[in-house]
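The next block is final_2.tsv, given as TSV, C-alpha atoms.
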```tsv
chain	number	residue	atom	x	y	z
A	1	MET	CA	-43.11	4.94	18.95
A	2	SER	CA	-42.04	2.40	16.38
A	3	ARG	CA	-38.36	1.85	15.74
A	4	PRO	CA	-36.90	2.49	12.31
A	5	PRO	CA	-36.30	-0.70	10.30
A	6	ARG	CA	-32.95	-2.33	10.93
A	7	VAL	CA	-30.59	-2.06	7.99
A	8	SER	CA	-29.12	-5.40	6.93
A	9	ARG	CA	-25.35	-5.22	6.55
A	10	PRO	CA	-22.93	-7.91	5.38
A	11	ALA	CA	-21.43	-10.32	7.91
A	12	GLY	CA	-22.87	-8.39	10.85
A	13	LEU	CA	-20.73	-5.30	10.29
A	14	THR	CA	-21.70	-2.13	12.13
A	15	GLU	CA	-22.52	1.10	10.30
A	16	ARG	CA	-19.12	2.53	11.30
A	17	GLU	CA	-17.32	-0.58	10.04
A	18	VAL	CA	-19.08	-0.24	6.70
A	19	ASP	CA	-17.85	3.38	6.54
A	20	VAL	CA	-14.29	2.27	7.30
A	21	LEU	CA	-14.58	-0.51	4.75
A	22	ALA	CA	-15.70	1.86	2.02
A	23	LEU	CA	-12.65	4.10	2.55
A	24	ILE	CA	-10.26	1.14	2.72
A	25	ALA	CA	-11.66	-0.02	-0.61
A	26	ARG	CA	-10.57	3.31	-2.08
A	27	GLY	CA	-7.00	2.67	-0.96
A	28	ARG	CA	-7.01	5.09	1.99
A	29	THR	CA	-4.46	4.62	4.77
A	30	ASN	CA	-5.49	4.24	8.42
A	31	LYS	CA	-4.55	7.88	9.06
A	32	GLU	CA	-6.61	9.10	6.09
A	33	VAL	CA	-9.60	7.01	7.20
A	34	ALA	CA	-9.31	8.45	10.72
A	35	SER	CA	-9.22	12.01	9.37
A	36	ALA	CA	-12.24	11.46	7.11
A	37	LEU	CA	-14.37	9.90	9.88
A	38	VAL	CA	-13.04	12.12	12.70
A	39	ILE	CA	-11.86	9.20	14.79
A	40	SER	CA	-8.41	8.16	15.97
A	41	PRO	CA	-6.11	5.91	13.90
A	42	LYS	CA	-6.17	3.47	16.82
A	43	THR	CA	-9.96	3.22	16.54
A	44	VAL	CA	-9.61	2.64	12.80
A	45	GLY	CA	-7.22	-0.21	13.61
A	46	HIS	CA	-9.79	-1.82	15.92
A	47	HIS	CA	-12.44	-1.67	13.18
A	48	ILE	CA	-10.03	-3.15	10.64
A	49	GLU	CA	-9.23	-6.05	12.98
A	50	HIS	CA	-12.91	-6.93	12.95
A	51	ILE	CA	-13.61	-6.57	9.25
A	52	ASP	CA	-10.36	-7.89	7.76
A	53	GLN	CA	-11.05	-11.26	6.16
A	54	GLY	CA	-7.77	-11.84	4.35
A	55	ARG	CA	-7.45	-13.70	1.08
A	56	GLY	CA	-5.42	-15.32	-1.53
A	57	TRP	CA	-6.23	-13.20	-4.55
A	58	THR	CA	-7.95	-15.22	-7.24
A	59	MET	CA	-5.99	-13.11	-9.70
A	60	ASP	CA	-3.83	-15.64	-11.52
A	61	GLY	CA	-5.36	-14.71	-14.87
A	62	THR	CA	-4.91	-10.98	-14.28
A	63	ILE	CA	-1.25	-11.40	-13.34
A	64	GLU	CA	-0.58	-13.76	-16.27
A	65	LEU	CA	-2.12	-11.21	-18.62
A	66	PHE	CA	0.02	-8.43	-17.14
A	67	ASP	CA	3.16	-10.52	-17.67
A	68	ALA	CA	2.17	-11.35	-21.26
A	69	LEU	CA	1.36	-7.78	-22.33
A	70	LYS	CA	4.24	-6.07	-24.16
A	71	GLY	CA	2.89	-2.50	-24.33
A	72	PRO	CA	2.19	0.10	-21.61
A	73	LYS	CA	0.52	-1.55	-18.63
A	74	LYS	CA	-0.31	-1.20	-14.95
A	75	LEU	CA	-1.09	-3.72	-12.23
A	76	ASP	CA	-2.74	-2.28	-9.13
A	77	ILE	CA	-3.71	-4.70	-6.36
A	78	GLY	CA	-5.49	-2.97	-3.52
A	79	PRO	CA	-6.51	-3.96	0.01
A	80	TYR	CA	-9.04	-6.70	0.37
A	81	PRO	CA	-12.51	-5.53	1.24
A	82	PRO	CA	-14.95	-8.42	1.24
A	83	MET	CA	-17.01	-6.59	-1.36
A	84	GLN	CA	-16.60	-3.68	-3.77
A	85	SER	CA	-19.19	-1.64	-5.58
A	86	ARG	CA	-19.72	-2.56	-9.18
A	87	PRO	CA	-18.38	-1.45	-11.59
A	88	PHE	CA	-15.46	-0.88	-9.17
A	89	ILE	CA	-16.08	2.83	-8.65
A	90	GLU	CA	-13.30	2.81	-6.04
A	91	GLU	CA	-10.81	2.51	-8.88
A	92	HIS	CA	-12.29	5.18	-11.17
A	93	ASP	CA	-9.79	7.91	-10.28
A	94	LYS	CA	-6.90	5.67	-11.31
A	95	MET	CA	-8.68	4.64	-14.48
A	96	PHE	CA	-9.44	8.25	-15.43
A	97	ARG	CA	-5.77	9.18	-15.05
A	98	TRP	CA	-4.84	6.37	-17.43
A	99	TYR	CA	-7.43	7.41	-20.02
A	100	ASP	CA	-6.58	11.10	-19.63
A	101	TYR	CA	-2.97	10.30	-20.53
A	102	TRP	CA	-3.58	7.92	-23.43
A	103	ILE	CA	-6.79	9.34	-24.92
A	104	LYS	CA	-6.68	13.04	-24.08
A	105	GLY	CA	-2.90	13.43	-24.09
A	106	ILE	CA	-2.81	14.95	-20.60
A	107	ASP	CA	0.67	14.54	-19.14
A	108	ASN	CA	-0.37	13.71	-15.57
A	109	GLY	CA	2.73	11.68	-14.70
A	110	ILE	CA	1.01	8.31	-14.54
A	111	MET	CA	3.61	6.67	-16.78
A	112	ASP	CA	6.41	7.96	-14.56
A	113	GLU	CA	5.06	5.88	-11.68
A	114	PRO	CA	5.95	2.20	-11.04
A	115	ALA	CA	3.99	-0.26	-13.15
A	116	VAL	CA	3.01	-2.46	-10.19
A	117	SER	CA	1.47	-1.38	-6.90
A	118	VAL	CA	0.50	-3.95	-4.26
A	119	PHE	CA	-1.16	-3.46	-0.88
A	120	VAL	CA	0.51	-5.68	1.74
A	121	GLU	CA	-1.74	-7.10	4.44
A	122	GLY	CA	-0.37	-7.06	7.98
A	123	SER	CA	1.81	-3.98	7.50
A	124	ARG	CA	-0.98	-2.27	5.52
A	125	GLU	CA	1.64	-0.63	3.31
A	126	ARG	CA	1.94	-0.33	-0.44
A	127	VAL	CA	4.89	-1.88	-2.26
A	128	THR	CA	5.71	-0.77	-5.80
A	129	GLY	CA	7.92	-2.08	-8.58
A	130	ASN	CA	8.02	-2.65	-12.30
A	131	GLN	CA	7.21	-6.36	-12.27
A	132	TRP	CA	5.26	-8.97	-10.34
A	133	PRO	CA	6.21	-9.62	-7.60
A	134	PRO	CA	7.28	-6.00	-6.99
A	135	LYS	CA	10.15	-7.11	-4.72
A	136	ASP	CA	12.87	-9.71	-5.11
A	137	ILE	CA	11.82	-12.95	-3.43
A	138	GLU	CA	13.44	-16.17	-2.33
A	139	TYR	CA	11.34	-19.30	-2.13
A	140	THR	CA	11.80	-20.96	1.25
A	141	SER	CA	10.45	-24.30	2.44
A	142	LEU	CA	8.58	-24.76	5.69
A	143	TYR	CA	8.35	-28.48	6.45
A	144	LEU	CA	5.43	-30.23	8.11
A	145	ARG	CA	6.69	-31.84	11.31
A	146	PRO	CA	5.17	-33.98	14.08
A	147	ARG	CA	2.98	-32.40	16.75
A	148	GLY	CA	1.54	-29.87	14.34
A	149	LYS	CA	4.74	-27.89	13.82
A	150	LEU	CA	6.19	-26.11	10.78
A	151	SER	CA	9.96	-25.84	10.56
A	152	THR	CA	12.68	-24.70	8.17
A	153	GLU	CA	14.37	-28.05	8.90
A	154	PRO	CA	12.99	-31.27	7.35
A	155	GLU	CA	12.07	-34.34	9.39
A	156	PRO	CA	15.16	-36.58	9.81
A	157	MET	CA	13.32	-39.79	10.77
A	158	GLY	CA	11.51	-42.31	8.60
A	159	ALA	CA	7.80	-43.08	8.60
A	160	GLN	CA	8.21	-45.89	11.12
A	161	TYR	CA	9.18	-43.27	13.72
A	162	ALA	CA	7.55	-40.12	12.31
A	163	ALA	CA	4.15	-41.72	11.77
A	164	PRO	CA	1.80	-39.87	9.40
A	165	ASP	CA	-0.93	-37.52	10.48
A	166	GLY	CA	-4.40	-38.42	9.31
A	167	PHE	CA	-8.10	-37.74	9.28
A	168	TYR	CA	-11.31	-39.43	8.23
A	169	GLN	CA	-13.87	-37.24	6.49
A	170	ALA	CA	-17.45	-38.44	6.39
A	171	PRO	CA	-19.63	-37.05	3.58
A	172	LEU	CA	-21.40	-33.79	4.34
A	173	THR	CA	-24.66	-35.63	3.66
A	174	VAL	CA	-24.29	-37.21	7.10
A	175	THR	CA	-22.31	-34.59	9.05
A	176	ASP	CA	-21.66	-30.84	9.17
A	177	LYS	CA	-18.23	-31.35	10.72
A	178	VAL	CA	-15.21	-30.74	8.49
A	179	GLU	CA	-12.08	-32.46	9.80
A	180	ILE	CA	-9.00	-30.22	9.70
A	181	LEU	CA	-5.29	-30.87	10.28
A	182	ARG	CA	-3.13	-27.92	11.43
A	183	TRP	CA	0.57	-27.07	11.54
A	184	GLU	CA	2.08	-23.81	12.77
A	185	THR	CA	5.37	-21.94	12.96
A	186	PRO	CA	6.91	-20.55	16.13
A	187	VAL	CA	6.01	-16.89	16.60
A	188	PHE	CA	7.90	-14.52	14.33
A	189	GLU	CA	10.57	-12.49	16.14
A	190	GLU	CA	10.70	-9.79	13.45
A	191	SER	CA	8.44	-8.51	10.68
A	192	THR	CA	8.48	-11.08	7.89
A	193	GLU	CA	7.11	-10.22	4.46
A	194	MET	CA	5.93	-12.60	1.74
A	195	ILE	CA	4.73	-11.54	-1.72
A	196	GLY	CA	3.93	-13.82	-4.64
A	197	THR	CA	2.50	-17.25	-5.35
A	198	GLY	CA	3.30	-20.30	-3.26
A	199	ALA	CA	2.97	-24.06	-3.30
A	200	ALA	CA	2.21	-26.91	-0.92
A	201	HIS	CA	3.79	-30.31	-1.51
A	202	ILE	CA	1.66	-32.87	0.31
A	203	PHE	CA	2.57	-36.57	0.39
A	204	ALA	CA	-0.68	-38.37	1.07
A	205	GLU	CA	-2.33	-41.76	0.96
A	206	ILE	CA	-6.10	-42.02	0.49
A	207	ASP	CA	-8.39	-45.05	0.43
A	208	GLN	CA	-10.58	-43.86	-2.46
A	209	PRO	CA	-9.91	-43.08	-6.14
A	210	ASP	CA	-10.35	-39.35	-5.50
A	211	SER	CA	-10.56	-36.65	-2.85
A	212	ASN	CA	-10.12	-32.91	-2.42
A	213	PHE	CA	-7.16	-31.18	-0.83
A	214	ILE	CA	-8.05	-27.74	0.51
A	215	LEU	CA	-5.32	-25.73	2.16
A	216	ARG	CA	-5.65	-22.39	3.97
A	217	LEU	CA	-2.86	-20.19	5.35
A	218	TRP	CA	-3.63	-17.95	8.32
A	219	ASP	CA	-1.86	-15.14	10.13
A	220	TYR	CA	-2.51	-15.63	13.87
A	221	ALA	CA	-2.15	-12.65	16.20
A	222	PRO	CA	-1.07	-13.13	19.84
A	223	GLY	CA	-4.62	-12.79	21.13
A	224	GLY	CA	-5.94	-15.53	18.81
A	225	LYS	CA	-7.39	-13.23	16.14
A	226	ARG	CA	-6.61	-14.71	12.74
A	227	GLN	CA	-6.66	-13.49	9.17
A	228	LEU	CA	-6.79	-15.65	6.07
A	229	ILE	CA	-3.73	-15.05	3.88
A	230	THR	CA	-4.13	-17.40	0.93
A	231	THR	CA	-5.68	-20.68	-0.18
A	232	GLY	CA	-4.95	-23.63	-2.43
A	233	TYR	CA	-7.27	-26.24	-3.91
A	234	LEU	CA	-6.60	-29.50	-5.74
A	235	LYS	CA	-8.71	-32.48	-6.74
A	236	ALA	CA	-6.54	-35.57	-6.26
A	237	SER	CA	-7.38	-36.92	-9.73
A	238	HIS	CA	-6.09	-33.64	-11.25
A	239	ARG	CA	-2.64	-33.86	-9.62
A	240	GLU	CA	-0.73	-33.81	-12.93
A	241	LEU	CA	1.64	-30.86	-13.41
A	242	ASP	CA	2.61	-29.25	-16.71
A	243	GLU	CA	5.86	-27.85	-18.10
A	244	ARG	CA	5.24	-24.35	-16.74
A	245	THR	CA	5.74	-25.55	-13.16
A	246	THR	CA	8.69	-24.08	-11.25
A	247	GLU	CA	9.62	-23.97	-7.57
A	248	GLY	CA	6.79	-22.31	-5.68
A	249	ASN	CA	4.74	-21.86	-8.85
A	250	ALA	CA	2.72	-24.97	-9.70
A	251	TYR	CA	0.55	-25.30	-12.81
A	252	HIS	CA	-2.01	-28.04	-13.43
A	253	PRO	CA	-3.30	-28.61	-16.98
A	254	HIS	CA	-6.72	-29.90	-15.77
A	255	THR	CA	-7.19	-31.67	-19.10
A	256	ARG	CA	-8.07	-35.09	-17.68
A	257	ALA	CA	-8.82	-36.94	-14.46
A	258	VAL	CA	-6.42	-39.69	-13.40
A	259	PRO	CA	-7.94	-41.81	-10.60
A	260	VAL	CA	-5.75	-42.41	-7.58
A	261	GLU	CA	-4.69	-45.95	-6.68
A	262	PRO	CA	-6.12	-46.39	-3.15
A	263	GLY	CA	-3.40	-47.06	-0.59
A	264	LYS	CA	-0.58	-45.58	-2.70
A	265	ILE	CA	1.40	-42.62	-1.41
A	266	GLU	CA	1.29	-39.77	-3.97
A	267	GLU	CA	2.77	-36.29	-3.99
A	268	TYR	CA	0.14	-33.61	-4.48
A	269	VAL	CA	1.34	-30.10	-5.32
A	270	LEU	CA	-1.20	-27.37	-4.57
A	271	ARG	CA	-0.83	-23.95	-6.14
A	272	LEU	CA	-1.34	-21.21	-3.55
A	273	TYR	CA	-3.03	-18.10	-4.89
A	274	PRO	CA	-0.93	-14.90	-5.10
A	275	PHE	CA	-0.78	-13.01	-1.81
A	276	ALA	CA	1.09	-10.26	0.02
A	277	ASN	CA	1.38	-10.29	3.79
A	278	THR	CA	3.70	-9.13	6.54
A	279	PHE	CA	3.72	-11.33	9.64
A	280	GLN	CA	4.33	-9.00	12.57
A	281	PRO	CA	6.48	-9.88	15.61
A	282	GLY	CA	4.54	-12.16	17.94
A	283	HIS	CA	2.36	-13.53	15.12
A	284	LYS	CA	2.60	-17.02	13.69
A	285	LEU	CA	1.70	-18.72	10.42
A	286	THR	CA	-0.78	-21.58	10.60
A	287	VAL	CA	-1.71	-23.90	7.75
A	288	GLU	CA	-4.92	-25.93	7.69
A	289	LEU	CA	-5.56	-28.97	5.48
A	290	SER	CA	-8.95	-30.55	4.86
A	291	ASN	CA	-10.97	-32.09	2.05
A	292	GLY	CA	-13.91	-29.74	2.51
A	293	GLU	CA	-14.58	-26.16	3.55
A	294	PRO	CA	-16.08	-25.26	6.92
A	295	LEU	CA	-19.64	-24.12	6.44
A	296	ALA	CA	-19.11	-21.06	8.64
A	297	ASP	CA	-16.04	-19.35	10.06
A	298	GLU	CA	-14.46	-15.88	10.06
A	299	HIS	CA	-13.75	-16.07	6.35
A	300	ASN	CA	-16.75	-17.95	5.02
A	301	ALA	CA	-19.18	-15.67	6.86
A	302	LEU	CA	-18.90	-13.27	3.92
A	303	LEU	CA	-19.30	-15.85	1.16
A	304	PRO	CA	-22.58	-16.57	-0.66
A	305	PRO	CA	-23.92	-20.14	-0.44
A	306	ASP	CA	-22.71	-21.01	-3.96
A	307	ALA	CA	-19.11	-19.93	-3.29
A	308	PHE	CA	-17.96	-23.26	-1.86
A	309	HIS	CA	-16.20	-26.07	-3.72
A	310	LEU	CA	-18.20	-29.24	-4.27
A	311	PRO	CA	-17.59	-31.65	-1.39
A	312	VAL	CA	-16.49	-35.23	-1.90
A	313	GLY	CA	-19.55	-37.47	-1.90
A	314	ARG	CA	-17.87	-40.48	-0.32
A	315	PRO	CA	-16.10	-41.17	2.98
A	316	VAL	CA	-12.32	-40.80	2.64
A	317	THR	CA	-9.46	-41.59	4.99
A	318	HIS	CA	-6.34	-39.45	4.48
A	319	LYS	CA	-2.83	-40.16	5.76
A	320	ILE	CA	-0.43	-37.22	5.46
A	321	TYR	CA	3.22	-38.31	5.40
A	322	ARG	CA	5.93	-35.89	6.52
A	323	ASP	CA	8.99	-38.03	7.18
A	324	ALA	CA	12.54	-38.17	5.78
A	325	ALA	CA	11.36	-39.90	2.59
A	326	HIS	CA	8.20	-37.81	2.16
A	327	ARG	CA	9.03	-34.17	2.80
A	328	SER	CA	5.64	-32.52	2.85
A	329	ARG	CA	6.24	-28.79	2.87
A	330	LEU	CA	5.10	-25.29	2.04
A	331	VAL	CA	7.15	-23.30	-0.47
A	332	LEU	CA	6.59	-19.61	0.25
A	333	PRO	CA	7.83	-16.34	-1.35
A	334	PHE	CA	9.86	-14.54	1.32
A	335	THR	CA	11.01	-11.09	0.21
A	336	THR	CA	14.78	-10.74	0.41
A	337	ARG	CA	14.67	-7.53	2.46
A	338	ARG	CA	13.12	-7.18	5.88
A	339	ALA	CA	9.70	-5.57	5.99
A	340	GLY	CA	10.06	-1.81	6.08
A	341	GLU	CA	13.67	-1.90	4.87
A	342	LYS	CA	14.43	0.51	2.04
A	343	GLU	CA	16.34	-0.39	-1.11
```
Before anything else, please render the file you have as structure tokens.
Amino acid sequence: MSRPPRVSRPAGLTEREVDVLALIARGRTNKEVASALVISPKTVGHHIEHIDQGRGWTMDGTIELFDALKGPKKLDIGPYPPMQSRPFIEEHDKMFRWYDYWIKGIDNGIMDEPAVSVFVEGSRERVTGNQWPPKDIEYTSLYLRPRGKLSTEPEPMGAQYAAPDGFYQAPLTVTDKVEILRWETPVFEESTEMIGTGAAHIFAEIDQPDSNFILRLWDYAPGGKRQLITTGYLKASHRELDERTTEGNAYHPHTRAVPVEPGKIEEYVLRLYPFANTFQPGHKLTVELSNGEPLADEHNALLPPDAFHLPVGRPVTHKIYRDAAHRSRLVLPFTTRRAGEKE
């Protein structure tokens, strides 16, 4: 007896994981997914651990438009499935409520609800408010320190004692290996929530007129499972900032390329895409810096071949300074209330 043809599913997901994914995409909670599929919430959690890929939302334009609009408006940012049906049928119920109110005059209460709704990774809860970010935040610096550490305290020593980190990246025409530097926090002792955009200030010296800086933030669980939280990308020759830049919210005009003077230490400020994540107790935040993207890992497994940034076509040596005179750091949007704490 011949076997039925195997169905090809994205990133090696099982049929049950695809079912879970479809319900998550519709904004269902773990308990609602469990009820719909007649499985336990704990089993749902195990499936989610496998399929969660994390993200930094590439939604800068959407959020800027929301802020600029003066009339009635809504911003709804859901959980991150690696794919959604087009044309976003998961969101149709919300859209119909909006049109029912404004076109048909049906008073369904949609305008009595908060204007902004955001799904927070980690806690898997929704946070609402009337602006973006939906909670008050305080930008806090995490400084790059020796031995791959991140700390709320800056490095007190100069470069002669706190020597720079570094890596040499050969072109991907001659190697598949992407060199990566990593720094990490101690484990979090309590739930720690971050919502908003962020920035990375990197003091670096390169030996070429240009390079890429690619930064990825991960949430590491105690068992080693990790989830991508957000990303930042900057071409060294496009390091100029414009007048919109504020703490934790960098803007690059991208109107011209300014070659780098090889051997000169420059400050590069990377804009980190908007994100929302709660780091649970026992987890830690890890940041990775490279000048290219790994060809395959937990995150990139779901990306099409044309989704990568163009690699640098020349060999580049990078020195990353993080001493008293060059305070390389992350600037991240910590909410001012503990995760789960009510107003």
Please list as a list in words every residue within 6 Å of A:Pro41, counting all atoms listed in the file and excluding residues in the same chain fewer than 5 positions away.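 Within the cut-off, the hits are Asn30, Lys31 and Ala34 of chain A.
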Applying 12 Å and only C-alpha atoms, which residues near A:Asp107 remain after dropping the ones on its own chain fewer than 6 positions away? List them as a ChimeraX atom specification. /A:97-101
Quick one: of A:Gly105, A:Pro72, A:Pro274, A:Pro154, who's nearest to A:Pro333, counting all atoms listed in the file?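 For A:Pro333, the nearest of the candidates is A:Pro274.
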Would you mind reading off the distance between atom CA of A:Leu228 and atom CA of A:Ile195, one decimal, in Å? 14.5 Å
Which distance in Å separates atom CA of A:Ala324 and atom CA of A:Pro156, to one decimal?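 Going from atom CA of A:Ala324 over to atom CA of A:Pro156 covers 5.1 Å.
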Calculated over all atoms listed in the file, which of the candidates A:Val174, A:Leu234, A:Leu181, A:Ile63 has the smallest distance to A:Arg147?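 Checking each of A:Val174, A:Leu234, A:Leu181, A:Ile63 against A:Arg147, counting all atoms listed in the file, the winner is A:Leu181.
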